[in-house]
$ cat start18.cif   # mmCIF, C-alpha atoms
data_run
loop_
_atom_site.label_atom_id
_atom_site.label_comp_id
_atom_site.auth_asym_id
_atom_site.auth_seq_id
_atom_site.Cartn_x
_atom_site.Cartn_y
_atom_site.Cartn_z
CA MET A 1 5.03 125.72 -87.72
CA VAL A 2 5.15 122.03 -88.65
CA GLU A 3 4.45 120.27 -91.93
CA LEU A 4 4.33 116.52 -91.60
CA ARG A 5 4.00 113.84 -94.28
CA TYR A 6 3.51 110.11 -93.76
CA ASP A 7 3.46 107.37 -96.42
CA VAL A 8 2.03 104.17 -94.95
CA ALA A 9 3.18 100.89 -96.50
CA ASP A 10 0.55 98.61 -98.03
CA ASP A 11 1.12 96.00 -95.29
CA LEU A 12 0.79 98.66 -92.53
CA ARG A 13 4.10 97.56 -90.98
CA THR A 14 6.22 100.59 -91.84
CA VAL A 15 5.82 104.29 -92.52
CA THR A 16 8.07 106.73 -94.36
CA GLY A 17 7.92 110.28 -93.01
CA ARG A 18 9.15 113.77 -93.71
CA GLU A 19 8.87 116.80 -91.46
CA ALA A 20 9.51 120.51 -91.96
CA VAL A 21 9.75 122.81 -88.92
CA VAL A 22 9.99 126.59 -88.79
CA PHE A 23 11.09 127.68 -85.32
CA THR A 24 11.84 131.05 -83.71
CA PRO A 25 13.59 130.65 -80.32
CA ASP A 26 13.37 133.18 -77.52
CA GLN A 27 17.01 132.52 -76.56
CA PRO A 28 20.25 132.18 -78.56
CA ILE A 29 20.79 128.63 -79.86
CA CYS A 30 23.60 126.69 -81.55
CA GLU A 31 21.65 123.50 -82.25
CA LEU A 32 18.17 122.06 -82.63
CA VAL A 33 16.98 119.24 -80.37
CA PHE A 34 14.19 116.83 -81.30
CA ARG A 35 12.83 113.80 -79.44
CA ALA A 36 12.18 110.44 -81.12
CA TRP A 37 9.66 109.09 -78.61
CA PRO A 38 8.87 105.80 -80.42
CA ASN A 39 12.33 104.71 -79.26
CA LYS A 40 11.44 104.86 -75.55
CA PRO A 41 11.61 101.49 -73.73
CA THR A 42 7.95 100.53 -73.62
CA THR A 43 7.44 101.11 -77.36
CA ALA A 44 10.87 99.89 -78.48
CA ASP A 45 10.28 96.64 -76.58
CA ASP A 46 7.20 96.11 -78.76
CA GLY A 47 9.32 96.30 -81.92
CA THR A 48 8.65 99.94 -82.74
CA SER A 49 11.40 102.30 -83.88
CA LEU A 50 11.94 105.73 -85.44
CA ARG A 51 15.14 106.21 -87.48
CA ILE A 52 16.36 109.48 -88.99
CA THR A 53 17.34 109.13 -92.67
CA ASP A 54 18.47 112.68 -93.50
CA ALA A 55 18.33 116.22 -92.16
CA LEU A 56 18.59 119.80 -93.42
CA VAL A 57 18.97 123.06 -91.50
CA ASP A 58 18.20 126.21 -93.50
CA ALA A 59 18.39 124.06 -96.67
CA ARG A 60 21.90 122.75 -95.85
CA PRO A 61 22.48 119.04 -95.21
CA VAL A 62 23.62 118.26 -91.65
CA GLN A 63 24.51 115.09 -89.78
CA ALA A 64 22.09 114.30 -86.97
CA ALA A 65 23.64 113.24 -83.67
CA ILE A 66 21.55 110.52 -81.98
CA THR A 67 21.96 109.87 -78.25
CA PRO A 68 20.11 107.36 -76.05
CA GLY A 69 18.08 109.65 -73.79
CA GLY A 70 16.70 106.63 -71.99
CA ALA A 71 16.27 104.37 -75.04
CA PRO A 72 17.02 100.69 -74.38
CA GLU A 73 20.24 99.12 -75.59
CA GLY A 74 20.08 98.31 -79.30
CA ALA A 75 17.31 100.81 -80.06
CA PRO A 76 17.85 104.17 -81.78
CA GLY A 77 18.14 107.02 -79.29
CA THR A 78 15.36 109.37 -78.23
CA ILE A 79 17.45 112.58 -78.54
CA VAL A 80 18.13 113.90 -82.04
CA THR A 81 20.46 116.92 -82.25
CA LEU A 82 21.00 118.94 -85.42
CA PRO A 83 23.94 121.40 -85.45
CA LEU A 84 23.34 124.90 -86.79
CA PRO A 85 25.75 126.25 -89.43
CA ALA A 86 26.32 129.13 -86.97
CA CYS A 87 24.81 130.06 -83.63
CA SER A 88 21.54 131.96 -83.98
CA ASP A 89 20.25 134.91 -81.96
CA ALA A 90 16.94 134.96 -80.13
CA GLY A 91 14.13 135.95 -82.47
CA THR A 92 15.86 134.55 -85.57
CA GLU A 93 13.81 132.06 -87.58
CA VAL A 94 15.34 128.63 -88.25
CA ARG A 95 13.98 126.03 -90.68
CA ALA A 96 14.75 122.33 -90.45
CA GLU A 97 13.70 119.27 -92.42
CA LEU A 98 14.04 115.67 -91.33
CA GLY A 99 13.37 112.43 -93.14
CA PHE A 100 12.58 109.35 -91.06
CA THR A 101 11.21 105.84 -91.11
CA LEU A 102 8.88 104.15 -88.64
CA ALA A 103 8.64 100.47 -87.88
CA LEU A 104 5.35 99.64 -86.16
CA GLY A 105 5.40 96.94 -83.49
CA GLU A 106 2.98 94.06 -84.05
CA ASP A 107 -0.02 94.08 -81.68
CA ALA A 108 1.80 96.67 -79.57
CA GLY A 109 0.08 97.79 -76.39
CA GLU A 110 1.36 101.35 -76.70
CA ARG A 111 0.75 104.41 -78.86
CA VAL A 112 2.53 103.05 -81.97
CA GLY A 113 1.79 99.71 -83.57
CA HIS A 114 -0.17 97.59 -86.02
CA THR A 115 -2.52 94.61 -85.85
CA PRO A 116 -2.24 92.49 -89.00
CA SER A 117 -5.31 90.36 -88.24
CA ALA A 118 -7.58 93.42 -88.20
CA GLU A 119 -5.58 95.46 -90.77
CA LEU A 120 -5.06 98.42 -88.41
CA ALA A 121 -2.10 100.72 -87.78
CA TRP A 122 -1.71 103.61 -85.37
CA PHE A 123 1.09 106.02 -84.53
CA GLY A 124 1.13 108.92 -82.07
CA THR A 125 4.08 111.16 -81.17
CA ALA A 126 5.70 109.32 -84.07
CA PHE A 127 7.83 112.06 -85.59
CA PRO A 128 10.87 114.08 -84.46
CA LEU A 129 9.22 116.40 -81.91
CA LEU A 130 10.95 119.74 -81.30
CA ALA A 131 11.91 119.76 -77.61
CA TRP A 132 11.82 123.47 -76.75
CA VAL A 133 10.12 125.32 -73.89
CA SER A 134 10.07 129.12 -74.02
CA GLY A 135 12.00 130.68 -71.18
CA GLU A 136 13.76 127.40 -70.46
CA GLY A 137 15.34 126.04 -73.63
CA TRP A 138 15.92 122.47 -74.77
CA VAL A 139 14.29 119.66 -72.80
CA ARG A 140 16.33 116.46 -72.57
CA ASP A 141 14.59 114.55 -69.76
CA PRO A 142 15.24 110.84 -70.31
CA ALA A 143 12.62 108.35 -71.36
CA VAL A 144 11.82 105.78 -68.67
CA ASP A 145 10.83 102.13 -68.68
CA LEU A 146 7.28 102.71 -67.52
CA ALA A 147 4.06 103.13 -69.47
CA GLY A 148 3.11 106.78 -69.22
CA GLU A 149 4.02 110.01 -70.94
CA THR A 150 7.41 111.72 -70.70
CA VAL A 151 6.73 114.12 -73.58
CA THR A 152 7.13 117.88 -73.36
CA SER A 153 6.13 120.12 -76.26
CA GLU A 154 4.95 123.63 -76.90
CA ASP A 155 2.00 124.38 -79.16
CA PHE A 156 2.72 124.56 -82.86
CA THR A 157 0.71 125.33 -85.97
CA LEU A 158 0.15 122.12 -87.90
CA ALA A 159 0.24 123.72 -91.34
CA GLU A 160 -0.31 120.36 -92.98
CA LEU A 161 -0.51 116.74 -91.96
CA ALA A 162 -0.57 114.60 -95.13
CA VAL A 163 -1.06 110.83 -94.81
CA THR A 164 -0.75 108.64 -97.89
CA ALA A 165 -2.39 105.24 -97.41
CA PRO A 166 -3.88 102.44 -99.52
CA GLN A 167 -7.24 103.53 -100.88
CA ALA A 168 -9.04 100.63 -99.19
CA TYR A 169 -8.26 102.06 -95.75
CA ARG A 170 -9.78 104.84 -93.65
CA VAL A 171 -7.51 107.45 -92.06
CA LEU A 172 -8.17 109.25 -88.79
CA GLY A 173 -5.86 112.15 -88.02
CA THR A 174 -5.36 115.27 -85.92
CA GLY A 175 -6.94 118.69 -86.45
CA SER A 176 -9.50 119.50 -89.11
CA ASP A 177 -10.08 117.35 -92.18
CA ALA A 178 -8.61 119.28 -95.12
CA GLY A 179 -9.66 116.86 -97.86
CA THR A 180 -8.09 114.13 -99.95
CA GLY A 181 -6.26 113.77 -103.24
CA PRO A 182 -4.42 111.17 -105.30
CA GLY A 183 -1.52 109.51 -103.50
CA ALA A 184 2.00 109.49 -104.89
CA ARG A 185 1.82 105.72 -105.37
CA SER A 186 -0.67 103.79 -107.46
CA GLY A 187 -3.68 102.67 -105.43
CA THR A 188 -3.18 105.21 -102.64
CA VAL A 189 -4.98 108.32 -101.40
CA GLU A 190 -3.48 111.33 -99.63
CA HIS A 191 -5.51 112.48 -96.60
CA ARG A 192 -4.81 116.01 -95.36
CA PHE A 193 -5.39 117.66 -91.95
CA ARG A 194 -4.60 121.05 -90.39
CA ALA A 195 -4.68 122.56 -86.90
CA ASP A 196 -4.04 126.02 -85.49
CA ALA A 197 -2.41 124.90 -82.24
CA VAL A 198 -1.51 121.36 -81.13
CA ARG A 199 1.38 119.87 -79.14
CA ASP A 200 1.42 116.47 -80.78
CA VAL A 201 -0.02 114.42 -83.64
CA ALA A 202 -1.69 111.00 -83.86
CA VAL A 203 -2.83 109.01 -86.89
CA SER A 204 -4.75 105.74 -87.31
CA VAL A 205 -5.04 103.87 -90.62
CA GLY A 206 -6.90 100.72 -91.58
CA ARG A 207 -10.18 98.93 -91.88
CA PHE A 208 -12.30 101.14 -89.64
CA THR A 209 -16.01 101.77 -89.61
CA VAL A 210 -16.17 105.53 -89.05
CA VAL A 211 -19.00 107.62 -87.63
CA GLU A 212 -18.84 111.42 -87.95
CA ARG A 213 -21.18 113.96 -86.43
CA ASP A 214 -21.28 117.68 -85.60
CA VAL A 215 -22.56 118.57 -82.13
CA GLY A 216 -22.21 121.85 -80.27
CA GLY A 217 -19.50 123.22 -82.52
CA VAL A 218 -17.33 120.08 -82.29
CA ARG A 219 -16.92 117.58 -85.12
CA TYR A 220 -16.54 114.01 -83.84
CA HIS A 221 -14.81 111.28 -85.86
CA VAL A 222 -14.90 107.79 -84.31
CA GLY A 223 -13.41 104.67 -85.88
CA VAL A 224 -14.01 101.09 -84.69
CA PRO A 225 -12.47 98.01 -86.33
CA GLU A 226 -14.45 96.46 -89.17
CA SER A 227 -13.39 93.12 -87.68
CA GLY A 228 -15.65 93.82 -84.70
CA SER A 229 -15.62 95.51 -81.31
CA ARG A 230 -17.52 95.36 -78.04
CA LEU A 231 -19.14 98.75 -78.56
CA SER A 232 -20.30 100.48 -81.72
CA ALA A 233 -18.88 103.72 -83.13
CA ASP A 234 -22.18 105.41 -82.23
CA GLU A 235 -21.90 104.28 -78.60
CA TRP A 236 -18.38 105.71 -78.42
CA ALA A 237 -19.50 108.95 -80.06
CA ASP A 238 -22.39 109.30 -77.60
CA GLU A 239 -20.00 108.93 -74.65
CA LEU A 240 -17.49 111.37 -76.13
CA GLU A 241 -20.24 113.95 -76.63
CA ASN A 242 -21.41 113.49 -73.06
CA ALA A 243 -17.89 113.92 -71.69
CA VAL A 244 -17.18 117.03 -73.77
CA ARG A 245 -20.48 118.63 -72.76
CA ARG A 246 -19.97 118.04 -69.03
CA LEU A 247 -16.30 119.00 -69.08
CA GLN A 248 -17.08 122.23 -70.90
CA ASP A 249 -19.49 123.14 -68.12
CA MET A 250 -16.66 122.63 -65.63
CA LEU A 251 -13.57 123.83 -67.49
CA GLY A 252 -14.65 126.13 -70.31
CA ALA A 253 -14.91 125.70 -74.06
CA TYR A 254 -13.48 122.57 -75.69
CA PRO A 255 -10.10 123.72 -77.07
CA TYR A 256 -10.35 122.30 -80.60
CA THR A 257 -12.73 122.13 -83.57
CA ASP A 258 -12.51 118.34 -83.93
CA LEU A 259 -12.14 115.22 -81.79
CA TRP A 260 -10.82 112.00 -83.34
CA ALA A 261 -11.04 108.62 -81.59
CA SER A 262 -9.72 105.23 -82.73
CA ILE A 263 -10.64 101.94 -81.06
CA LEU A 264 -7.60 99.64 -81.15
CA PRO A 265 -7.94 96.10 -79.72
CA ALA A 266 -4.22 95.83 -78.87
CA LEU A 267 -4.50 98.66 -76.33
CA SER A 268 -5.74 98.03 -72.80
CA ASP A 269 -7.10 101.49 -71.94
CA GLY A 270 -6.58 104.96 -73.45
CA VAL A 271 -3.91 107.34 -74.74
CA GLU A 272 -4.45 111.05 -75.25
CA PHE A 273 -3.19 113.45 -77.91
CA PRO A 274 -4.44 116.96 -78.63
CA ALA A 275 -7.79 116.56 -80.43
CA ALA A 276 -7.16 112.82 -80.91
CA LEU A 277 -7.58 109.76 -78.70
CA GLN A 278 -6.69 106.07 -78.83
CA PHE A 279 -8.80 103.58 -76.85
CA GLY A 280 -8.65 99.88 -76.21
CA ASP A 281 -11.69 97.74 -76.97
CA VAL A 282 -13.12 98.15 -73.48
CA ASN A 283 -16.55 97.20 -72.16
CA ARG A 284 -19.56 99.38 -71.38
CA ARG A 285 -18.80 99.49 -67.65
CA THR A 286 -15.25 100.74 -68.17
CA MET A 287 -15.96 103.20 -70.98
CA PRO A 288 -17.51 106.26 -69.20
CA ALA A 289 -14.67 106.89 -66.76
CA LEU A 290 -12.00 106.13 -69.36
CA VAL A 291 -13.57 108.50 -71.88
CA ALA A 292 -13.99 111.23 -69.27
CA HIS A 293 -10.32 110.93 -68.27
CA GLU A 294 -8.91 111.04 -71.78
CA VAL A 295 -11.18 113.88 -72.90
CA ALA A 296 -10.17 115.85 -69.79
CA HIS A 297 -6.62 115.69 -71.15
CA MET A 298 -7.76 118.00 -73.95
CA TRP A 299 -7.60 120.74 -71.32
CA PHE A 300 -4.81 119.28 -69.17
CA TYR A 301 -1.83 118.78 -71.42
CA GLY A 302 -3.64 119.67 -74.65
CA LEU A 303 -4.55 123.26 -73.82
CA VAL A 304 -2.43 123.69 -70.66
CA GLY A 305 0.81 121.83 -71.21
CA ASN A 306 3.37 120.58 -68.71
CA ASN A 307 6.67 118.74 -68.59
CA GLN A 308 5.27 115.22 -68.30
CA ALA A 309 8.64 113.78 -67.28
CA ARG A 310 9.32 116.19 -64.41
CA HIS A 311 5.77 116.99 -63.31
CA PRO A 312 3.46 114.16 -64.39
CA TRP A 313 1.03 115.09 -61.61
CA ILE A 314 0.11 118.39 -63.26
CA ASP A 315 -1.85 116.83 -66.11
CA GLU A 316 -2.75 113.46 -64.59
CA SER A 317 -4.03 114.81 -61.26
CA PHE A 318 -6.26 117.41 -62.89
CA ALA A 319 -7.49 114.95 -65.55
CA THR A 320 -8.36 112.35 -62.89
CA TYR A 321 -10.06 115.05 -60.77
CA ALA A 322 -12.20 116.05 -63.77
CA GLN A 323 -12.92 112.39 -64.57
CA ALA A 324 -14.11 111.79 -61.00
CA ARG A 325 -16.54 114.67 -61.14
CA VAL A 326 -17.89 113.87 -64.62
CA ALA A 327 -18.19 110.12 -64.03
CA GLY A 328 -19.68 110.37 -60.55
CA GLN A 329 -16.60 108.91 -58.86
CA GLU A 330 -15.87 111.63 -56.30
CA ASP A 331 -16.25 109.17 -53.42
CA ASP A 332 -13.70 106.82 -55.02
CA TYR A 333 -10.74 109.13 -54.36
CA ALA A 334 -9.74 109.78 -50.76
CA MET A 335 -6.35 110.30 -49.10
CA SER A 336 -7.20 107.60 -46.57
CA ASP A 337 -7.15 105.09 -49.44
CA ILE A 338 -3.62 106.03 -50.57
CA ASP A 339 -0.83 103.71 -49.48
CA GLY A 340 1.07 105.50 -46.73
CA ARG A 341 4.36 104.82 -48.52
CA LEU A 342 3.12 106.91 -51.47
CA ARG A 343 1.68 109.85 -49.58
CA GLY A 344 3.81 112.94 -49.89
CA HIS A 345 5.34 111.84 -53.20
CA LEU A 346 2.79 113.34 -55.60
CA GLY A 347 5.31 115.75 -57.10
CA GLU A 348 7.98 113.16 -57.94
CA PRO A 349 9.24 112.93 -61.56
CA MET A 350 8.85 109.92 -63.86
CA PRO A 351 12.31 108.44 -63.06
CA TYR A 352 11.19 108.11 -59.43
CA TRP A 353 8.09 106.14 -60.41
CA ALA A 354 9.99 104.06 -62.96
CA ALA A 355 12.47 103.09 -60.23
CA THR A 356 9.62 101.47 -58.30
CA GLY A 357 9.13 99.10 -61.23
CA ASN A 358 5.40 99.13 -60.58
CA PHE A 359 2.92 100.94 -62.81
CA ASN A 360 0.13 100.56 -60.25
CA ARG A 361 2.17 102.51 -57.71
CA TYR A 362 2.54 105.30 -60.25
CA VAL A 363 -1.22 105.35 -60.85
CA THR A 364 -1.98 105.36 -57.12
CA GLY A 365 0.72 107.89 -56.25
CA VAL A 366 -0.05 110.35 -59.04
CA TYR A 367 -3.51 109.84 -60.56
CA ASP A 368 -5.38 108.76 -57.43
CA GLN A 369 -3.49 110.84 -54.87
CA GLY A 370 -3.70 113.93 -57.08
CA ALA A 371 -7.44 113.59 -57.60
CA ALA A 372 -7.96 113.01 -53.87
CA VAL A 373 -5.99 116.18 -53.02
CA LEU A 374 -7.91 118.33 -55.50
CA LEU A 375 -11.33 116.95 -54.53
CA GLU A 376 -10.59 117.50 -50.84
CA GLY A 377 -9.29 120.97 -51.63
CA ARG A 378 -12.56 121.79 -53.35
CA ARG A 379 -14.55 120.55 -50.36
CA ARG A 380 -12.50 122.57 -47.88
CA SER A 381 -12.23 125.82 -49.85
CA GLY A 382 -15.77 125.78 -51.25
CA ASP A 383 -17.01 124.73 -54.67
CA GLU A 384 -17.34 128.22 -56.13
CA ALA A 385 -13.91 129.43 -55.01
CA PHE A 386 -12.14 126.27 -56.21
CA ASP A 387 -13.96 126.19 -59.55
CA SER A 388 -13.13 129.84 -60.17
CA ALA A 389 -9.45 129.26 -59.39
CA LEU A 390 -9.30 126.25 -61.70
CA ARG A 391 -10.81 128.17 -64.60
CA ALA A 392 -8.41 131.05 -63.94
CA TYR A 393 -5.50 128.56 -64.03
CA ILE A 394 -6.65 127.27 -67.42
CA THR A 395 -7.08 130.77 -68.83
CA ALA A 396 -3.72 132.01 -67.55
CA ASN A 397 -1.80 129.00 -68.85
CA ALA A 398 -3.59 128.19 -72.10
CA HIS A 399 -1.09 127.36 -74.88
CA ARG A 400 1.80 127.38 -72.39
CA VAL A 401 3.89 124.76 -70.62
CA ALA A 402 2.83 125.17 -66.99
CA GLY A 403 4.81 124.19 -63.90
CA PRO A 404 4.20 123.90 -60.15
CA ALA A 405 4.67 127.65 -59.70
CA ASP A 406 1.75 128.29 -62.06
CA VAL A 407 -0.50 125.97 -60.04
CA ALA A 408 0.58 127.78 -56.87
CA ALA A 409 -0.17 131.16 -58.45
CA ALA A 410 -3.70 130.06 -59.37
CA PHE A 411 -4.59 128.55 -55.99
CA GLY A 412 -2.41 130.72 -53.73
CA HIS A 413 -5.42 132.59 -52.34
CA LEU A 414 -6.98 129.30 -51.16
CA PRO A 415 -4.91 128.24 -48.11
CA GLU A 416 -6.80 124.97 -47.71
CA VAL A 417 -5.81 123.88 -51.22
CA MET A 418 -2.23 125.07 -50.84
CA ALA A 419 -1.80 123.16 -47.59
CA LEU A 420 -2.99 119.94 -49.21
CA LEU A 421 -0.76 120.42 -52.25
CA ARG A 422 2.26 121.02 -50.03
CA ARG A 423 1.49 118.07 -47.77
CA SER A 424 1.14 115.78 -50.76
CA GLY A 425 4.54 116.85 -52.11
CA ALA A 426 3.14 118.50 -55.23
CA LEU A 427 4.43 121.90 -54.09
CA PRO A 428 7.44 122.67 -51.89
CA GLN A 429 6.82 123.41 -48.24
CA SER A 430 6.74 127.17 -47.57
#
$ encode --input "start18.cif" --output "structure tokens"
Amino acid sequence: MVELRYDVADDLRTVTGREAVVFTPDQPICELVFRAWPNKPTTADDGTSLRITDALVDARPVQAAITPGGAPEGAPGTIVTLPLPACSDAGTEVRAELGFTLALGEDAGERVGHTPSAELAWFGTAFPLLAWVSGEGWVRDPAVDLAGETVTSEDFTLAELAVTAPQAYRVLGTGSDAGTGPGARSGTVEHRFRADAVRDVAVSVGRFTVVERDVGGVRYHVGVPESGSRLSADEWADELENAVRRLQDMLGAYPYTDLWASILPALSDGVEFPAALQFGDVNRRTMPALVAHEVAHMWFYGLVGNNQARHPWIDESFATYAQARVAGQEDDYAMSDIDGRLRGHLGEPMPYWAATGNFNRYVTGVYDQGAAVLLEGRRRSGDEAFDSALRAYITANAHRVAGPADVAAAFGHLPEVMALLRRSGALPQS
């Protein structure tokens, strides 16, 4: 269970936060480990930071230990460790509270930032995120200097997300809208949200024009800048509806009650969070495939999680596969188009791709190669058999953190798919 409170400054440059976490481990523990992802290189370089101000464990003050975990020199670390007063047995509930401050980078091209000229602020994965995986324990994979996710999180109940912001601004959140009330400061409003099961949280605040609509059991909330954008909120909402409808036909029911989307001119493409998306101010030609990809992440990483640092292919390959089918791009992904130097490296972790120093190689080696493997696997094994295995994979791993062994278990009866996955390096050779 997580309770999360944000107080956004009037100038949208900083945020004061407080988090409460109730956690029951399935193994003995002597500490709690959180990740401060705004301190990773690509966000820290934009001027963003998350700093811990105080911490409590079971109502007792503790001193947080901060270690780099891949953060650049001079930035706060990404690994936040809280000692327990005494080691705790498996099955014993632990409660922690952390206070923190956020500095939002100006016109940042990542998931945390603000744009003064348009009076917009946005922050995703911008709180101390508990870094636990059941059956494994604490996850300390380092952040890398490459745009792309290295986050790993289990589902949690978002008991309350409360965002206090100047009353002139709109707030888009995560989960279901739970109403508003007076803010703690004069001239502010508190906006509240709740969710039964999410892995992450994203918030956008500012001068947005917001369109809301209910379609097919999903409530859509789309915000575009009042300062202007290439496409209207209605155009974005239409495309989101189309993507959800077509993906549901392929993958099963949309996993959430709501879908929030913020259009942010500083971004170049899209960033996904459970039930919430951030998009750049793209054009009509780019939008359908981008929307399809990011909405597909609601199933692949939102519903079925993975360690995005160790196994980035698990969510990105499946999301790009789904995008290709929904956006009519199946012919755009073929193994013959993959650079020979990248073939066989699909299963490499994020440090491998960061070491190349080239984001395009990462996209080709993971997104494109993964989609090509899965599309070819579907052709060779037969549409019905592949589609059934994919749905079974989603059902078996919903609300879990899946790994390569789970993919192998789902597709193990399809030798054509398994051979391609092994040849690509996604799965070990038998």
$ atom_distance --input "start18.cif" --atom1 "CA of Glu348 in chain A" --atom2 "CA of Gly365 in chain A"
9.1 Å
$ residues_around --input "start18.cif" --residues "range 170-185 of chain A" --least-positions-apart "6" --cutoff "7 Å" --atoms "only C-alpha atoms" --output "MDAnalysis selection string"
chainID A and resid 164 191:195 201:208 257:258 260 275:276
$ write_last_selection --input "start18.cif" --atoms "C-alpha atoms" --output "mmCIF file, in the frame of the given file"
data_model
loop_
_atom_site.group_PDB
_atom_site.id
_atom_site.type_symbol
_atom_site.label_atom_id
_atom_site.label_comp_id
_atom_site.auth_asym_id
_atom_site.auth_seq_id
_atom_site.Cartn_x
_atom_site.Cartn_y
_atom_site.Cartn_z
ATOM 1 C CA THR A 164 -0.750 108.640 -97.890
ATOM 2 C CA HIS A 191 -5.510 112.480 -96.600
ATOM 3 C CA ARG A 192 -4.810 116.010 -95.360
ATOM 4 C CA PHE A 193 -5.390 117.660 -91.950
ATOM 5 C CA ARG A 194 -4.600 121.050 -90.390
ATOM 6 C CA ALA A 195 -4.680 122.560 -86.900
ATOM 7 C CA VAL A 201 -0.020 114.420 -83.640
ATOM 8 C CA ALA A 202 -1.690 111.000 -83.860
ATOM 9 C CA VAL A 203 -2.830 109.010 -86.890
ATOM 10 C CA SER A 204 -4.750 105.740 -87.310
ATOM 11 C CA VAL A 205 -5.040 103.870 -90.620
ATOM 12 C CA GLY A 206 -6.900 100.720 -91.580
ATOM 13 C CA ARG A 207 -10.180 98.930 -91.880
ATOM 14 C CA PHE A 208 -12.300 101.140 -89.640
ATOM 15 C CA THR A 257 -12.730 122.130 -83.570
ATOM 16 C CA ASP A 258 -12.510 118.340 -83.930
ATOM 17 C CA TRP A 260 -10.820 112.000 -83.340
ATOM 18 C CA ALA A 275 -7.790 116.560 -80.430
ATOM 19 C CA ALA A 276 -7.160 112.820 -80.910
#
$ residues_around --input "start18.cif" --residues "Leu420 in chain A" --least-positions-apart "6" --cutoff "9 Å" --atoms "all atoms listed in the file" --output "list in words"
Val373, Leu374, Glu376, Gly377 and Ala426 of chain A
$ axis_aligned_box --input "start18.cif" --around "range 364-378 of chain A" --padding-each-side "8 Å" --output "JSON"
{"center_x": -5.9, "center_y": 113.6, "center_z": -55.7, "size_x": 29.3, "size_y": 32.4, "size_z": 25.7}
$ resolve_selection --input "start18.cif" --expression "the PyMOL selection byres ((chain A and resi 126-130) around 10)" --output "PyMOL selection string"
chain A and resi 2+4-6+15+17-21+23+32-39+48-52+78-81+97-102+104+111-112+122-125+131-133+138-139+151-154+156+199-203
$ write_last_selection --input "start18.cif" --atoms "C-alpha atoms" --output "compact mmCIF listing (two decimals), in the frame of the given file"
# COMPACT_ATOMS: atom_id res chain seq x y z
CA VAL A 2 5.15 122.03 -88.65
CA LEU A 4 4.33 116.52 -91.60
CA ARG A 5 4.00 113.84 -94.28
CA TYR A 6 3.51 110.11 -93.76
CA VAL A 15 5.82 104.29 -92.52
CA GLY A 17 7.92 110.28 -93.01
CA ARG A 18 9.15 113.77 -93.71
CA GLU A 19 8.87 116.80 -91.46
CA ALA A 20 9.51 120.51 -91.96
CA VAL A 21 9.75 122.81 -88.92
CA PHE A 23 11.09 127.68 -85.32
CA LEU A 32 18.17 122.06 -82.63
CA VAL A 33 16.98 119.24 -80.37
CA PHE A 34 14.19 116.83 -81.30
CA ARG A 35 12.83 113.80 -79.44
CA ALA A 36 12.18 110.44 -81.12
CA TRP A 37 9.66 109.09 -78.61
CA PRO A 38 8.87 105.80 -80.42
CA ASN A 39 12.33 104.71 -79.26
CA THR A 48 8.65 99.94 -82.74
CA SER A 49 11.40 102.30 -83.88
CA LEU A 50 11.94 105.73 -85.44
CA ARG A 51 15.14 106.21 -87.48
CA ILE A 52 16.36 109.48 -88.99
CA THR A 78 15.36 109.37 -78.23
CA ILE A 79 17.45 112.58 -78.54
CA VAL A 80 18.13 113.90 -82.04
CA THR A 81 20.46 116.92 -82.25
CA GLU A 97 13.70 119.27 -92.42
CA LEU A 98 14.04 115.67 -91.33
CA GLY A 99 13.37 112.43 -93.14
CA PHE A 100 12.58 109.35 -91.06
CA THR A 101 11.21 105.84 -91.11
CA LEU A 102 8.88 104.15 -88.64
CA LEU A 104 5.35 99.64 -86.16
CA ARG A 111 0.75 104.41 -78.86
CA VAL A 112 2.53 103.05 -81.97
CA TRP A 122 -1.71 103.61 -85.37
CA PHE A 123 1.09 106.02 -84.53
CA GLY A 124 1.13 108.92 -82.07
CA THR A 125 4.08 111.16 -81.17
CA ALA A 131 11.91 119.76 -77.61
CA TRP A 132 11.82 123.47 -76.75
CA VAL A 133 10.12 125.32 -73.89
CA TRP A 138 15.92 122.47 -74.77
CA VAL A 139 14.29 119.66 -72.80
CA VAL A 151 6.73 114.12 -73.58
CA THR A 152 7.13 117.88 -73.36
CA SER A 153 6.13 120.12 -76.26
CA GLU A 154 4.95 123.63 -76.90
CA PHE A 156 2.72 124.56 -82.86
CA ARG A 199 1.38 119.87 -79.14
CA ASP A 200 1.42 116.47 -80.78
CA VAL A 201 -0.02 114.42 -83.64
CA ALA A 202 -1.69 111.00 -83.86
CA VAL A 203 -2.83 109.01 -86.89
$ atom_distance --input "start18.cif" --atom1 "CA of His345 in chain A" --atom2 "CA of Ala389 in chain A"
23.7 Å
$ closest_residue --input "start18.cif" --among "A:Tyr254, A:Phe273, A:Trp299, A:Tyr362" --to "Arg343 in chain A" --atoms "all atoms listed in the file"
A:Tyr362
$ residues_around --input "start18.cif" --residues "Pro415 in chain A" --least-positions-apart "5" --cutoff "12 Å" --atoms "all atoms listed in the file" --output "list of chain:residue names"
A:Gly377, A:Arg378, A:Arg380, A:Ser381, A:Gly382, A:Ala385, A:Phe386, A:Ala408, A:Ala409, A:Ala410, A:Leu420, A:Leu421, A:Arg422, A:Ser430
$ residues_around --input "start18.cif" --residues "Leu375 in chain A" --least-positions-apart "5" --cutoff "9 Å" --atoms "all atoms listed in the file" --output "list in words"
Tyr321, Ala324, Arg325, Glu330, Tyr333, Ala334, Gly370 and Arg380 of chain A
$ residues_near_point --input "start18.cif" --point "(11.7, 109.2, -71.8)" --cutoff "12 Å" --atoms "all atoms listed in the file" --output "PyMOL selection string"
chain A and resi 35-44+68-72+77-79+139-152+307-310+349-351+354
$ closest_residue --input "start18.cif" --among "A:Pro225, A:Pro255, A:Gly91, A:Pro288" --to "Ile394 in chain A" --atoms "only C-alpha atoms"
A:Pro255
